[in-house]
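Reading through the structure tokens given below for one structure.
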Amino acid sequence: NAGVTQTPKFRVLKTGQSMTLLCAQDMNHEYMYWYRQDPGMGLRLIHYSVGEGTTAKGEVPDGYNVSRLKKQNFLLGLESAAPSQTSVYFCASSYDDRVGHGYTFGSGTRLTVV
Amino acid sequence: AQSVTQLGSHVSVSEGALVLLRCNYSSSVPPYLFWYVQYPNQGLQLLLKYTSAATLVKGINGFEAEFKKSETSFHLTKPSAHMSDAAEYFCAVSDRKFDMRFGAGTRLTVKP
């Protein structure tokens, strides 16, 4: 059982380049999330999805777009990367939308924008 | 808005010593509280969670946390540290759907 899988694990981008981060989960979870992790700031929610075909903005959505064309996949796109987007990106999923249920996290994508 | 503050970005203990990682929360409604652990180059794993059933919550790997409403705290403890406990620990709060807020994290070092 793979859980939540993120690809790629590492990437270096030049300023202005675009890329897509892929998150795949095999637990049939309805809800999926993208977070970024920065030193001294913990994790901050970028976007989330409450089901196939839906997306919503989180705390820090600017500069990112997302899509959830299939229930098991949640894509995070950077259209024009900026150095401020250098971060570690985590995808998470949950089976229940009730407050109080924990999330299952992927192992992260370390992105450097130069 | 809900938030958490973790006191101390780095904590160092000797193997066998008590582990105490501090977390204070802010929430306008009764919150749900979580502790996650992150080992190097891995994602976050849920250690334990408070959902109002009991104020003392036991988690995996011998960790436990106590919810104290009067102190707005949810500190994480383990009686005896093991080398394998070295990791980064995150406290998180959630009082509404799809909105889990994380603290800045505390890196635990265990000395032999």
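Naming scheme: A, B, ... for chains in displayed order of the structure tokens; residues 1 onward per chain; ligands 1 onward as shown.
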- request: Please provide the set of residues having any atom within 10 Å of Thr109 of chain B, restricted to only C-alpha atoms, with same-chain residues fewer than 2 positions apart removed, written as an MDAnalysis selection string.
  value: chainID B and resid 10:15 81:88 106:107 111:112
For chain A, list the residues within 12 Å of chain B, counting only C-alpha atoms, and write the list as a PDB file with C-alpha atoms, in the first residue's frame.
```pdb
ATOM      1  CA  GLY A   3      -0.343   5.738   0.438  1.00  0.00           C
ATOM      2  CA  VAL A   4       0.478   9.189  -0.938  1.00  0.00           C
ATOM      3  CA  THR A   5       3.158   9.373  -3.629  1.00  0.00           C
ATOM      4  CA  GLN A   6       4.722  12.614  -4.847  1.00  0.00           C
ATOM      5  CA  LYS A   9      11.266  14.291  -5.218  1.00  0.00           C
ATOM      6  CA  PHE A  10      13.707  17.031  -6.179  1.00  0.00           C
ATOM      7  CA  GLU A  30     -11.956  12.181  -1.188  1.00  0.00           C
ATOM      8  CA  TYR A  31      -9.993  15.142   0.150  1.00  0.00           C
ATOM      9  CA  MET A  32      -6.542  16.241  -0.930  1.00  0.00           C
ATOM     10  CA  TYR A  33      -4.274  19.132   0.021  1.00  0.00           C
ATOM     11  CA  TRP A  34      -1.086  20.888  -1.061  1.00  0.00           C
ATOM     12  CA  TYR A  35       1.145  22.470   1.583  1.00  0.00           C
ATOM     13  CA  ARG A  36       4.464  24.249   1.443  1.00  0.00           C
ATOM     14  CA  GLN A  37       6.993  23.968   4.253  1.00  0.00           C
ATOM     15  CA  ASP A  38       9.438  26.775   4.930  1.00  0.00           C
ATOM     16  CA  PRO A  39      11.993  27.027   7.749  1.00  0.00           C
ATOM     17  CA  GLY A  40      10.544  28.601  10.869  1.00  0.00           C
ATOM     18  CA  MET A  41       7.055  28.761   9.398  1.00  0.00           C
ATOM     19  CA  GLY A  42       5.751  25.230   9.555  1.00  0.00           C
ATOM     20  CA  LEU A  43       3.363  24.086   6.844  1.00  0.00           C
ATOM     21  CA  ARG A  44       0.994  26.432   5.050  1.00  0.00           C
ATOM     22  CA  LEU A  45      -1.959  25.358   2.942  1.00  0.00           C
ATOM     23  CA  ILE A  46      -1.754  26.343  -0.735  1.00  0.00           C
ATOM     24  CA  HIS A  47      -4.859  24.728  -2.257  1.00  0.00           C
ATOM     25  CA  TYR A  48      -7.140  21.865  -1.467  1.00  0.00           C
ATOM     26  CA  SER A  49      -9.776  19.714  -3.150  1.00  0.00           C
ATOM     27  CA  VAL A  50     -12.968  18.225  -1.743  1.00  0.00           C
ATOM     28  CA  THR A  55     -10.409  22.898  -6.026  1.00  0.00           C
ATOM     29  CA  ALA A  56     -10.274  25.714  -3.481  1.00  0.00           C
ATOM     30  CA  LYS A  57      -7.755  28.264  -2.263  1.00  0.00           C
ATOM     31  CA  GLY A  58      -5.911  27.901   0.981  1.00  0.00           C
ATOM     32  CA  GLU A  59      -3.783  30.299   2.973  1.00  0.00           C
ATOM     33  CA  VAL A  88       9.435  21.798   0.240  1.00  0.00           C
ATOM     34  CA  TYR A  89       5.979  20.885  -1.028  1.00  0.00           C
ATOM     35  CA  PHE A  90       3.837  18.271   0.670  1.00  0.00           C
ATOM     36  CA  CYS A  91       0.691  16.665  -0.554  1.00  0.00           C
ATOM     37  CA  ALA A  92      -1.777  15.162   1.916  1.00  0.00           C
ATOM     38  CA  SER A  93      -5.083  13.371   1.780  1.00  0.00           C
ATOM     39  CA  SER A  94      -7.901  12.475   4.163  1.00  0.00           C
ATOM     40  CA  TYR A  95     -10.932  10.201   3.955  1.00  0.00           C
ATOM     41  CA  ASP A  96     -13.227  12.309   6.090  1.00  0.00           C
ATOM     42  CA  ASP A  97     -14.029  15.986   5.980  1.00  0.00           C
ATOM     43  CA  ARG A  98     -15.094  16.174   9.600  1.00  0.00           C
ATOM     44  CA  VAL A  99     -12.842  18.282  11.743  1.00  0.00           C
ATOM     45  CA  GLY A 100     -10.619  16.073  13.842  1.00  0.00           C
ATOM     46  CA  HIS A 101      -9.432  13.597  11.273  1.00  0.00           C
ATOM     47  CA  GLY A 102      -5.729  13.507  10.581  1.00  0.00           C
ATOM     48  CA  TYR A 103      -4.093  13.639   7.210  1.00  0.00           C
ATOM     49  CA  THR A 104      -1.817  11.196   5.384  1.00  0.00           C
ATOM     50  CA  PHE A 105       1.209  12.953   3.919  1.00  0.00           C
ATOM     51  CA  GLY A 106       3.502  12.210   1.015  1.00  0.00           C
ATOM     52  CA  SER A 107       7.276  12.371   1.396  1.00  0.00           C
ATOM     53  CA  GLY A 108       7.598  15.790  -0.217  1.00  0.00           C
ATOM     54  CA  THR A 109       9.104  17.533  -3.243  1.00  0.00           C
ATOM     55  CA  ARG A 110      12.081  19.772  -2.640  1.00  0.00           C
TER      56      ARG A 110
END
```
- prompt: Nearest to Glu66 of chain B among B:Val37, B:Arg22, B:Ser80, B:Val110, with distances taken over only C-alpha atoms: which residue is it?
  reply: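 Closest to Glu66 of chain B, using only C-alpha atoms: B:Arg22.
Within 10 Å of Gly51 of chain A, once only C-alpha atoms are used and residues closer than 6 positions along the same chain are dropped, the contacting residues are His29, Glu30, Tyr31, Met32, Arg68, Leu69, Lys70, Lys71, Gln72 and Phe74 of chain A.
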Please list as an mmCIF file with C-alpha atoms, in the first residue's frame every residue within 6 Å of Tyr25 of chain B, counting only C-alpha atoms and excluding residues in the same chain fewer than 6 positions away.
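Okay, this is what ended up in around-v9.cif:
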```
data_model
loop_
_atom_site.group_PDB
_atom_site.id
_atom_site.type_symbol
_atom_site.label_atom_id
_atom_site.label_comp_id
_atom_site.auth_asym_id
_atom_site.auth_seq_id
_atom_site.Cartn_x
_atom_site.Cartn_y
_atom_site.Cartn_z
ATOM 1 C CA SER B 3 -3.045 29.187 15.362
ATOM 2 C CA VAL B 4 -0.415 27.282 17.291
ATOM 3 C CA THR B 72 -4.474 26.647 26.093
#
```
Could you pull out the helix (DSSP H, G or I) residues of segment 36-90 of chain B, going by DSSP on the backbone, and write them as a short mmCIF file (atom, residue, chain, number, x, y, z; two decimals) with N, CA and C atoms, in the first residue's frame?
```cif
data_model
loop_
_atom_site.label_atom_id
_atom_site.label_comp_id
_atom_site.auth_asym_id
_atom_site.auth_seq_id
_atom_site.Cartn_x
_atom_site.Cartn_y
_atom_site.Cartn_z
N ILE B 60 1.51 6.95 19.36
CA ILE B 60 2.44 5.89 19.01
C ILE B 60 3.81 6.15 19.60
N ASN B 61 4.62 5.12 19.66
CA ASN B 61 6.02 5.23 20.10
C ASN B 61 6.18 5.76 21.52
N GLY B 62 5.18 5.58 22.39
CA GLY B 62 5.28 5.97 23.78
C GLY B 62 5.02 7.43 24.08
N MET B 83 17.09 7.12 20.90
CA MET B 83 17.79 7.72 19.77
C MET B 83 16.88 7.84 18.54
N SER B 84 16.00 6.89 18.38
CA SER B 84 15.12 6.88 17.20
C SER B 84 14.05 7.98 17.26
N ASP B 85 13.95 8.69 18.40
CA ASP B 85 12.97 9.77 18.51
C ASP B 85 13.46 11.06 17.87
#
```
message: Could you check the closest approach to Thr112 of chain A for each of A:Met27, A:Leu76, A:Ala2, A:Ala82 and tell me which residue wins, using only C-alpha atoms?
response: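 Going through A:Met27, A:Leu76, A:Ala2, A:Ala82 one by one, the smallest distance to Thr112 of chain A is for A:Ala82.
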Pairwise distance for atom CA of Ser67 of chain A and atom CA of Ala1 of chain B, rounded to one decimal in Å: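 That distance, rounded to one decimal, is 27.4 Å.
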